[in-house]
>>> print(open('run-v9.pdb').read())   # PDB, C-alpha atoms
ATOM      1  CA  MET A  29      20.623  18.515  20.386
ATOM      2  CA  LYS A  30      19.402  17.664  16.877
ATOM      3  CA  GLN A  31      15.730  18.191  16.079
ATOM      4  CA  ILE A  32      13.412  15.637  14.474
ATOM      5  CA  VAL A  33       9.959  16.564  13.179
ATOM      6  CA  ILE A  34       7.236  13.916  12.827
ATOM      7  CA  SER A  35       4.400  15.201  10.627
ATOM      8  CA  GLU A  36       2.033  12.197  10.677
ATOM      9  CA  PHE A  37       0.878   9.688  13.268
ATOM     10  CA  MET A  38       3.394   7.298  14.764
ATOM     11  CA  ASP A  39       3.524   4.757  17.587
ATOM     12  CA  THR A  40       3.874   6.766  20.795
ATOM     13  CA  GLY A  41       6.374   4.318  22.279
ATOM     14  CA  ALA A  42       8.681   4.908  19.331
ATOM     15  CA  VAL A  43       8.255   8.671  19.709
ATOM     16  CA  ASP A  44       9.277   8.402  23.368
ATOM     17  CA  THR A  45      12.370   6.435  22.345
ATOM     18  CA  LEU A  46      13.382   9.241  19.977
ATOM     19  CA  LYS A  47      12.884  11.845  22.703
ATOM     20  CA  GLN A  48      15.596  10.198  24.782
ATOM     21  CA  ARG A  49      18.219  11.241  22.225
ATOM     22  CA  PHE A  50      16.767  14.114  20.202
ATOM     23  CA  GLU A  51      14.573  17.180  20.403
ATOM     24  CA  VAL A  52      11.325  15.877  18.931
ATOM     25  CA  VAL A  53       8.383  17.808  17.522
ATOM     26  CA  TYR A  54       5.538  15.307  17.128
ATOM     27  CA  ASP A  55       2.315  16.608  15.609
ATOM     28  CA  PRO A  56       0.337  14.098  13.521
ATOM     29  CA  PHE A  57      -1.694  16.965  12.060
ATOM     30  CA  LEU A  58       1.277  18.910  10.692
ATOM     31  CA  VAL A  59       0.680  17.216   7.343
ATOM     32  CA  ASP A  60      -2.453  19.362   7.019
ATOM     33  CA  ARG A  61      -0.659  22.571   8.064
ATOM     34  CA  ARG A  62       1.931  22.925   5.366
ATOM     35  CA  ASP A  63       3.064  26.442   6.272
ATOM     36  CA  ALA A  64       3.664  25.481   9.904
ATOM     37  CA  LEU A  65       5.601  22.406   8.792
ATOM     38  CA  LEU A  66       7.830  24.429   6.463
ATOM     39  CA  THR A  67       8.557  26.922   9.237
ATOM     40  CA  LEU A  68       9.576  24.155  11.650
ATOM     41  CA  LEU A  69      11.910  22.597   9.110
ATOM     42  CA  GLY A  70      14.250  25.579   9.152
ATOM     43  CA  THR A  71      16.201  24.020  12.035
ATOM     44  CA  THR A  72      15.375  20.343  11.541
ATOM     45  CA  ALA A  73      17.903  17.543  11.000
ATOM     46  CA  GLY A  74      15.403  14.702  10.616
ATOM     47  CA  LEU A  75      11.882  14.364   9.228
ATOM     48  CA  ILE A  76       9.570  11.362   9.647
ATOM     49  CA  VAL A  77       6.508  11.068   7.404
ATOM     50  CA  ARG A  78       3.911   8.649   6.104
ATOM     51  CA  ASN A  79       2.471   8.893   2.600
ATOM     52  CA  ARG A  80       0.611  12.220   2.778
ATOM     53  CA  THR A  81       3.472  14.612   3.526
ATOM     54  CA  GLN A  82       4.906  15.797   0.220
ATOM     55  CA  VAL A  83       8.675  15.893   0.552
ATOM     56  CA  ASP A  84       9.104  17.954  -2.594
ATOM     57  CA  SER A  85      11.595  20.572  -3.716
ATOM     58  CA  VAL A  86       9.753  23.344  -1.851
ATOM     59  CA  LEU A  87       9.941  21.447   1.417
ATOM     60  CA  ILE A  88      13.578  20.500   0.874
ATOM     61  CA  ASP A  89      14.503  24.129   0.149
ATOM     62  CA  ALA A  90      12.793  25.121   3.408
ATOM     63  CA  ALA A  91      14.935  22.640   5.348
ATOM     64  CA  PRO A  92      18.598  23.669   4.905
ATOM     65  CA  ARG A  93      19.759  21.445   7.802
ATOM     66  CA  LEU A  94      17.732  18.369   6.851
ATOM     67  CA  GLN A  95      19.917  15.267   6.779
ATOM     68  CA  VAL A  96      17.515  12.324   6.823
ATOM     69  CA  VAL A  97      13.906  11.423   5.997
ATOM     70  CA  GLY A  98      12.255   8.399   7.566
ATOM     71  CA  ARG A  99       9.241   6.973   5.755
ATOM     72  CA  LEU A 100       6.663   5.088   7.862
ATOM     73  CA  GLY A 101       5.910   2.721   4.998
ATOM     74  CA  VAL A 102       7.545   1.525   1.800
ATOM     75  CA  GLY A 103       6.186   3.654  -1.048
ATOM     76  CA  LEU A 104       8.363   6.634  -1.908
ATOM     77  CA  ASP A 105       6.294   8.445  -4.529
ATOM     78  CA  ASN A 106       5.604  11.317  -2.096
ATOM     79  CA  ILE A 107       9.351  11.914  -1.717
ATOM     80  CA  ASP A 108      11.431  13.687  -4.373
ATOM     81  CA  LEU A 109      14.306  11.219  -4.381
ATOM     82  CA  PRO A 110      16.462  13.048  -6.975
ATOM     83  CA  ALA A 111      16.210  16.270  -4.942
ATOM     84  CA  CYS A 112      17.150  14.370  -1.788
ATOM     85  CA  ARG A 113      20.153  12.814  -3.530
ATOM     86  CA  THR A 114      21.284  16.218  -4.784
ATOM     87  CA  ARG A 115      21.177  17.589  -1.241
ATOM     88  CA  GLY A 116      22.732  14.454   0.274
ATOM     89  CA  ILE A 117      19.611  13.688   2.318
ATOM     90  CA  ALA A 118      19.281  10.008   3.258
ATOM     91  CA  VAL A 119      15.855   8.373   2.866
ATOM     92  CA  PHE A 120      14.888   5.301   4.886
ATOM     93  CA  PRO A 121      11.638   3.409   4.203
ATOM     94  CA  ALA A 122      10.296   0.780   6.608
ATOM     95  CA  THR A 123      10.796  -2.168   4.277
ATOM     96  CA  GLY A 124       9.398  -5.505   5.420
ATOM     97  CA  ALA A 125       7.506  -4.286   8.489
ATOM     98  CA  ASN A 126       3.931  -3.582   7.372
ATOM     99  CA  ALA A 127       0.800  -5.753   7.171
ATOM    100  CA  VAL A 128      -0.159  -5.464   3.492
ATOM    101  CA  ALA A 129       0.243  -9.177   2.734
ATOM    102  CA  GLU A 130      -2.254 -10.126   5.426
ATOM    103  CA  TYR A 131      -4.702  -7.520   4.098
ATOM    104  CA  VAL A 132      -4.478  -9.042   0.615
ATOM    105  CA  ILE A 133      -5.219 -12.540   1.907
ATOM    106  CA  ALA A 134      -8.133 -11.227   3.967
ATOM    107  CA  MET A 135      -9.644  -9.411   0.980
ATOM    108  CA  ALA A 136      -9.197 -12.439  -1.280
ATOM    109  CA  LEU A 137     -10.971 -14.638   1.277
ATOM    110  CA  VAL A 138     -13.862 -12.204   1.679
ATOM    111  CA  LEU A 139     -14.299 -11.453  -2.011
ATOM    112  CA  LEU A 140     -14.164 -15.043  -3.244
ATOM    113  CA  ARG A 141     -16.523 -16.276  -0.534
ATOM    114  CA  GLY A 142     -18.948 -13.403  -1.139
ATOM    115  CA  ALA A 143     -20.722 -13.731   2.208
ATOM    116  CA  TYR A 144     -20.165 -10.035   3.027
ATOM    117  CA  ARG A 145     -22.958  -9.060   0.633
ATOM    118  CA  THR A 146     -25.881 -10.270   2.774
ATOM    119  CA  SER A 147     -25.352  -8.669   6.163
ATOM    120  CA  ARG A 148     -28.228  -6.191   5.758
ATOM    121  CA  GLU A 149     -30.559  -8.834   4.333
ATOM    122  CA  VAL A 150     -29.909 -11.258   7.196
ATOM    123  CA  ALA A 151     -30.507  -8.462   9.716
ATOM    124  CA  ALA A 152     -33.828  -7.790   7.970
ATOM    125  CA  GLY A 153     -34.862 -11.445   8.204
ATOM    126  CA  VAL A 154     -34.004 -12.451   4.641
ATOM    127  CA  TRP A 155     -32.490 -15.952   4.790
ATOM    128  CA  SER A 156     -30.625 -16.156   1.455
ATOM    129  CA  LYS A 157     -28.639 -19.373   1.955
ATOM    130  CA  GLU A 158     -29.129 -20.520  -1.628
ATOM    131  CA  ALA A 159     -27.774 -17.274  -3.055
ATOM    132  CA  LEU A 160     -24.546 -17.751  -1.097
ATOM    133  CA  SER A 161     -24.086 -21.446  -1.753
ATOM    134  CA  ASN A 162     -21.613 -20.808  -4.595
ATOM    135  CA  GLY A 163     -18.983 -18.978  -2.547
ATOM    136  CA  ARG A 164     -15.452 -20.129  -3.313
ATOM    137  CA  GLU A 165     -12.498 -21.265  -1.217
ATOM    138  CA  LEU A 166      -8.925 -20.024  -1.597
ATOM    139  CA  SER A 167      -7.369 -23.480  -1.701
ATOM    140  CA  GLY A 168      -6.755 -24.562  -5.268
ATOM    141  CA  LYS A 169      -7.346 -21.089  -6.713
ATOM    142  CA  VAL A 170      -4.748 -19.045  -8.607
ATOM    143  CA  LEU A 171      -3.402 -15.809  -7.147
ATOM    144  CA  GLY A 172      -1.647 -13.467  -9.553
ATOM    145  CA  ILE A 173       0.808 -11.043  -7.980
ATOM    146  CA  VAL A 174       1.838  -8.054 -10.100
ATOM    147  CA  GLY A 175       5.047  -6.670  -8.616
ATOM    148  CA  PHE A 176       7.287  -9.161  -6.828
ATOM    149  CA  GLY A 177       9.156  -7.095  -4.277
ATOM    150  CA  SER A 178       9.284  -7.883  -0.580
ATOM    151  CA  ILE A 179       5.527  -7.442  -0.040
ATOM    152  CA  GLY A 180       4.621  -9.401  -3.154
ATOM    153  CA  GLN A 181       6.896 -12.231  -2.073
ATOM    154  CA  LEU A 182       5.452 -12.321   1.442
ATOM    155  CA  THR A 183       1.938 -12.354  -0.015
ATOM    156  CA  ALA A 184       2.948 -15.293  -2.213
ATOM    157  CA  ARG A 185       4.233 -17.257   0.760
ATOM    158  CA  LYS A 186       1.038 -16.689   2.736
ATOM    159  CA  ALA A 187      -1.126 -17.646  -0.255
ATOM    160  CA  SER A 188       0.912 -20.790  -0.917
ATOM    161  CA  ALA A 189       0.488 -21.832   2.703
ATOM    162  CA  LEU A 190      -3.288 -21.690   2.181
ATOM    163  CA  GLY A 191      -3.101 -23.960  -0.856
ATOM    164  CA  MET A 192      -3.227 -21.355  -3.607
ATOM    165  CA  ARG A 193      -1.211 -21.617  -6.798
ATOM    166  CA  VAL A 194       0.734 -18.378  -7.207
ATOM    167  CA  LEU A 195       1.768 -16.665 -10.422
ATOM    168  CA  GLY A 196       3.883 -13.536 -10.467
ATOM    169  CA  PHE A 197       4.927 -10.812 -12.885
ATOM    170  CA  ASP A 198       7.786  -8.411 -12.345
ATOM    171  CA  PRO A 199      10.224  -7.470 -15.123
ATOM    172  CA  ALA A 200      12.688  -6.286 -12.450
ATOM    173  CA  VAL A 201      13.003  -9.810 -10.990
ATOM    174  CA  ASP A 202      14.817 -12.319 -13.214
ATOM    175  CA  SER A 203      12.588 -15.266 -14.080
ATOM    176  CA  LYS A 204      15.392 -17.589 -12.900
ATOM    177  CA  SER A 205      15.797 -15.851  -9.552
ATOM    178  CA  ALA A 206      15.583 -18.083  -6.487
ATOM    179  CA  ALA A 207      13.021 -15.625  -5.071
ATOM    180  CA  TRP A 208      10.238 -17.210  -7.125
ATOM    181  CA  GLU A 209      10.755 -20.747  -5.839
ATOM    182  CA  LYS A 210      11.390 -19.546  -2.295
ATOM    183  CA  ALA A 211       8.025 -17.767  -2.287
ATOM    184  CA  GLY A 212       6.204 -20.671  -3.936
ATOM    185  CA  ALA A 213       5.455 -18.718  -7.103
ATOM    186  CA  ARG A 214       6.064 -19.014 -10.836
ATOM    187  CA  SER A 215       7.165 -16.137 -13.064
ATOM    188  CA  VAL A 216       4.852 -15.554 -16.039
ATOM    189  CA  THR A 217       3.964 -12.802 -18.492
ATOM    190  CA  LEU A 218       1.480 -10.155 -17.443
ATOM    191  CA  ASP A 219      -1.042 -11.381 -20.023
ATOM    192  CA  GLU A 220      -0.868 -14.968 -18.741
ATOM    193  CA  LEU A 221      -1.258 -13.796 -15.176
ATOM    194  CA  ILE A 222      -4.296 -11.655 -15.959
ATOM    195  CA  THR A 223      -6.158 -14.278 -17.979
ATOM    196  CA  THR A 224      -5.368 -17.188 -15.611
ATOM    197  CA  SER A 225      -5.747 -15.820 -12.096
ATOM    198  CA  ASP A 226      -8.819 -16.113  -9.880
ATOM    199  CA  ALA A 227      -7.527 -13.207  -7.799
ATOM    200  CA  VAL A 228      -5.082 -10.499  -8.897
ATOM    201  CA  SER A 229      -3.157  -8.446  -6.336
ATOM    202  CA  LEU A 230      -1.183  -5.336  -7.289
ATOM    203  CA  HIS A 231       2.142  -4.447  -5.651
ATOM    204  CA  LEU A 232       3.599  -1.818  -7.977
ATOM    205  CA  PRO A 233       4.946   1.683  -7.408
ATOM    206  CA  LEU A 234       3.186   4.496  -9.255
ATOM    207  CA  THR A 235       5.416   5.572 -12.155
ATOM    208  CA  PRO A 236       4.722   6.873 -15.666
ATOM    209  CA  GLU A 237       5.028   3.242 -16.830
ATOM    210  CA  THR A 238       2.544   1.831 -14.306
ATOM    211  CA  LYS A 239      -0.065   4.604 -14.403
ATOM    212  CA  ASN A 240      -3.381   2.993 -15.403
ATOM    213  CA  ILE A 241      -1.527  -0.240 -16.234
ATOM    214  CA  PHE A 242      -4.774  -1.953 -15.306
ATOM    215  CA  ASP A 243      -6.853  -0.138 -17.879
ATOM    216  CA  ARG A 244     -10.216  -1.191 -19.319
ATOM    217  CA  SER A 245      -8.645  -3.699 -21.707
ATOM    218  CA  ARG A 246      -6.572  -5.460 -19.040
ATOM    219  CA  ILE A 247      -9.386  -5.557 -16.485
ATOM    220  CA  ALA A 248     -11.741  -6.921 -19.143
ATOM    221  CA  SER A 249      -9.176  -9.639 -19.893
ATOM    222  CA  MET A 250      -9.485 -11.010 -16.360
ATOM    223  CA  LYS A 251     -11.594 -14.122 -15.791
ATOM    224  CA  ARG A 252     -15.245 -13.217 -15.543
ATOM    225  CA  ASP A 253     -15.517 -14.352 -11.927
ATOM    226  CA  ALA A 254     -12.092 -13.102 -10.806
ATOM    227  CA  VAL A 255     -11.399 -10.467  -8.151
ATOM    228  CA  LEU A 256      -8.951  -7.551  -8.148
ATOM    229  CA  ILE A 257      -7.110  -6.180  -5.100
ATOM    230  CA  ASN A 258      -5.100  -2.959  -5.143
ATOM    231  CA  SER A 259      -3.206  -2.112  -1.965
ATOM    232  CA  ALA A 260      -0.249  -0.525  -3.760
ATOM    233  CA  ARG A 261      -0.870   2.928  -5.202
ATOM    234  CA  GLY A 262      -3.815   4.807  -6.628
ATOM    235  CA  GLY A 263      -3.503   5.574 -10.318
ATOM    236  CA  ILE A 264      -2.431   2.040 -11.228
ATOM    237  CA  VAL A 265      -6.064   1.048 -11.841
ATOM    238  CA  ASP A 266      -8.474   2.881 -14.144
ATOM    239  CA  GLU A 267     -11.193   3.471 -11.546
ATOM    240  CA  THR A 268     -13.932   4.324 -14.057
ATOM    241  CA  ALA A 269     -13.253   1.180 -16.064
ATOM    242  CA  LEU A 270     -13.225  -0.953 -12.927
ATOM    243  CA  ALA A 271     -16.550   0.471 -11.774
ATOM    244  CA  ASP A 272     -18.112  -0.159 -15.188
ATOM    245  CA  LEU A 273     -16.924  -3.774 -15.279
ATOM    246  CA  LEU A 274     -18.114  -4.444 -11.732
ATOM    247  CA  ARG A 275     -21.540  -3.006 -12.538
ATOM    248  CA  SER A 276     -21.746  -5.133 -15.682
ATOM    249  CA  GLY A 277     -21.012  -8.264 -13.647
ATOM    250  CA  HIS A 278     -17.731  -9.008 -15.421
ATOM    251  CA  LEU A 279     -15.813  -9.313 -12.137
ATOM    252  CA  ALA A 280     -16.898 -11.070  -8.956
ATOM    253  CA  GLY A 281     -15.495  -8.255  -6.857
ATOM    254  CA  ALA A 282     -12.678  -5.870  -6.047
ATOM    255  CA  ALA A 283     -10.996  -4.330  -3.022
ATOM    256  CA  LEU A 284      -9.278  -0.944  -3.221
ATOM    257  CA  ASP A 285      -7.206   0.571  -0.450
ATOM    258  CA  VAL A 286      -5.633   3.297  -2.603
ATOM    259  CA  PHE A 287      -7.062   5.796  -5.064
ATOM    260  CA  ALA A 288      -6.006   8.249  -7.746
ATOM    261  CA  LYS A 289      -7.167  11.046  -5.429
ATOM    262  CA  GLU A 290      -7.195  10.638  -1.667
ATOM    263  CA  PRO A 291      -9.551  11.074   0.097
ATOM    264  CA  LEU A 292     -11.909   9.716  -2.552
ATOM    265  CA  PRO A 293     -13.754  12.746  -3.981
ATOM    266  CA  ALA A 294     -17.525  13.073  -4.024
ATOM    267  CA  GLY A 295     -19.084  11.775  -7.222
ATOM    268  CA  SER A 296     -16.450   9.107  -7.758
ATOM    269  CA  PRO A 297     -17.508   6.344 -10.183
ATOM    270  CA  LEU A 298     -16.681   3.941  -7.345
ATOM    271  CA  ALA A 299     -19.485   5.266  -5.146
ATOM    272  CA  ASP A 300     -22.253   2.695  -4.558
ATOM    273  CA  CYS A 301     -20.493   0.243  -6.863
ATOM    274  CA  PRO A 302     -21.562  -3.374  -6.292
ATOM    275  CA  ASN A 303     -19.177  -6.048  -4.987
ATOM    276  CA  LEU A 304     -16.585  -3.455  -4.090
ATOM    277  CA  LEU A 305     -14.761  -3.075  -0.773
ATOM    278  CA  LEU A 306     -13.111   0.296  -0.075
ATOM    279  CA  THR A 307     -10.660   1.090   2.719
ATOM    280  CA  PRO A 308      -8.835   4.398   3.422
ATOM    281  CA  HIS A 309      -5.204   3.490   2.636
ATOM    282  CA  ILE A 310      -4.806   1.295   5.713
ATOM    283  CA  ALA A 311      -3.690  -2.023   4.191
ATOM    284  CA  GLY A 312      -0.296  -1.781   5.860
ATOM    285  CA  LEU A 313      -1.656  -0.572   9.195
ATOM    286  CA  THR A 314      -2.423  -2.679  12.229
ATOM    287  CA  ARG A 315      -1.612  -2.076  15.868
ATOM    288  CA  GLU A 316       1.297  -4.481  15.553
ATOM    289  CA  SER A 317       2.594  -3.209  12.220
ATOM    290  CA  ASN A 318       2.503   0.412  13.411
ATOM    291  CA  GLN A 319       4.799  -0.581  16.271
ATOM    292  CA  ARG A 320       7.135  -2.500  13.923
ATOM    293  CA  VAL A 321       7.262   0.239  11.293
ATOM    294  CA  SER A 322       7.749   3.018  13.846
ATOM    295  CA  SER A 323      10.490   1.146  15.719
ATOM    296  CA  LEU A 324      12.317   0.336  12.494
ATOM    297  CA  VAL A 325      12.264   3.952  11.300
ATOM    298  CA  VAL A 326      13.388   5.208  14.717
ATOM    299  CA  GLU A 327      16.333   2.818  14.629
ATOM    300  CA  LYS A 328      17.370   3.842  11.103
ATOM    301  CA  VAL A 329      16.984   7.591  11.620
ATOM    302  CA  SER A 330      18.668   7.539  15.045
ATOM    303  CA  THR A 331      21.613   5.479  13.821
ATOM    304  CA  TYR A 332      22.113   7.714  10.809
ATOM    305  CA  LEU A 333      22.004  10.989  12.760
ATOM    306  CA  ALA A 334      24.229   9.592  15.502
ATOM    307  CA  GLY A 335      26.853   8.731  12.908
ATOM    308  CA  LEU A 336      27.015  12.287  11.555
ATOM    309  CA  LYS A 337      29.313  14.888  12.992
TER     310      LYS A 337
END
>>> encode(input="run-v9.pdb", output="structure tokens")
Amino acid sequence: MKQIVISEFMDTGAVDTLKQRFEVVYDPFLVDRRDALLTLLGTTAGLIVRNRTQVDSVLIDAAPRLQVVGRLGVGLDNIDLPACRTRGIAVFPATGANAVAEYVIAMALVLLRGAYRTSREVAAGVWSKEALSNGRELSGKVLGIVGFGSIGQLTARKASALGMRVLGFDPAVDSKSAAWEKAGARSVTLDELITTSDAVSLHLPLTPETKNIFDRSRIASMKRDAVLINSARGGIVDETALADLLRSGHLAGAALDVFAKEPLPAGSPLADCPNLLLTPHIAGLTRESNQRVSSLVVEKVSTYLAGLK
């Protein structure tokens, strides 16, 4: 019976489904015990990970029987794809099953309205209705989506349904592609998107070309009362520049779910930054999405291994 190792948390129902056909080692804390993981992989045919397990050349060399990697998510920057191709290892992400688009809409609603800022004051008896009377609605505002893959397109559709005007930038998607109209968005240049949008949402992979693509100059080019949402990858946004511009009042707010270093290290410039919402890389995670993602990966990994001799 072929062995599958799962090194990070996964829906238990999906794990049970795998156990009906394979020998399964499920330990969501293996990601933090690298040596134990490498030892297990000596006899493993399948590996299922999230974003923290580094499927690098060292791991691949330690897994001579590895045939498939399932990724509980869509980003693949923690997986050495060229090394996997060289070894003939299939890689299956859970495309189209997570909850990032809903997270983006939620953060845009909260940041533009601004009501989250007064919870402590209200609890202390401070009745600051006047200070919150200028909160803004989503309807009629412009959402700029940088990166127009499946998640960007779903985010566009949700934003359009709420009455937002959606602009998008993605050099990999032809400006005449039907995807733009289908999602209710218009393809524009990155500069136009940045200077026009009331809310900017990032949906890019982390590559040498996208590292710090939202640097001090680009963030400063955003509308003074705009908001920035990054649920894609840390390293795309210059965190020091963002913190400086939030403290100066240039932006109305920002929400970050991903960071250049995770967990966020002590002394980060983002600590105690005003009008900033921070979450621990959970934009794609809900109870429902965990079930969808896990079931999808189980189906792909099981089908692939069953088809091998």
>>> resolve_selection(input="run-v9.pdb", expression="the PyMOL selection byres ((chain A and resi 105-109) around 8)", output="ChimeraX atom specification")
/A:79-85,103-104,110-113,119,233-234
>>> atom_distance(input="run-v9.pdb", atom1="CA of Thr238 in chain A", atom2="CA of Val102 in chain A")
16.9 Å
>>> residues_around(input="run-v9.pdb", residues="Phe287 in chain A", least_positions_apart="2", cutoff="10 Å", atoms="only C-alpha atoms", output="list in words")
Asn258, Ser259, Ala260, Arg261, Gly262, Gly263, Ile264, Val265, Asp266, Glu267, Leu284, Asp285, Lys289, Glu290, Pro291, Leu292, Pro293, Leu306, Thr307, Pro308 and His309 of chain A
>>> residues_around(input="run-v9.pdb", residues="Gln319 in chain A", least_positions_apart="3", cutoff="10 Å", atoms="all atoms listed in the file", output="list in words")
Met38, Asp39, Thr40, Gly41, Ala42, Ala125, Asn126, Leu313, Thr314, Arg315, Glu316, Ser322, Ser323 and Leu324 of chain A
>>> atom_distance(input="run-v9.pdb", atom1="CA of Phe176 in chain A", atom2="CA of Ile257 in chain A")
14.8 Å
>>> residues_around(input="run-v9.pdb", residues="range 57-68 of chain A", least_positions_apart="2", cutoff="9 Å", atoms="only C-alpha atoms", output="ChimeraX atom specification")
/A:33-37,53-55,70-72,77,80-82,86-88,90-91
>>> closest_residue(input="run-v9.pdb", among="A:Gly124, A:Gly277, A:Gly196, A:Gly153", to="Leu100 in chain A", atoms="all atoms listed in the file")
A:Gly124
>>> closest_residue(input="run-v9.pdb", among="A:Pro297, A:Pro302, A:Gly281, A:Gly191", to="Glu165 in chain A", atoms="only C-alpha atoms")
A:Gly191
>>> atom_distance(input="run-v9.pdb", atom1="CA of Val255 in chain A", atom2="CA of Tyr131 in chain A")
14.3 Å
>>> axis_aligned_box(input="run-v9.pdb", around="range 319-323 of chain A", padding_each_side="3 Å", output="lines of an AutoDock Vina configuration file")
center_x = 7.6
center_y = 0.3
center_z = 13.8
size_x = 11.7
size_y = 11.5
size_z = 11.0
>>> resolve_selection(input="run-v9.pdb", expression="the PyMOL selection byres ((chain A and resi 171-173) around 6)", output="MDAnalysis selection string")
chainID A and resid 170 174 194:196 221 225 227:229
>>> closest_residue(input="run-v9.pdb", among="A:Arg115, A:Thr223, A:Arg185, A:Asp44", to="Trp208 in chain A", atoms="all atoms listed in the file")
A:Arg185
>>> residues_near_point(input="run-v9.pdb", point="(19.3, 10.4, 9.0)", cutoff="8 Å", atoms="all atoms listed in the file", output="number ranges by chain")
A: 73-74, 95-98, 117-120, 328-333
>>> closest_residue(input="run-v9.pdb", among="A:Val138, A:Val321, A:Leu230, A:Met29", to="Gly163 in chain A", atoms="all atoms listed in the file")
A:Val138
>>> closest_residue(input="run-v9.pdb", among="A:Arg246, A:Arg145, A:Lys169, A:Lys30", to="Asp219 in chain A", atoms="only C-alpha atoms")
A:Arg246
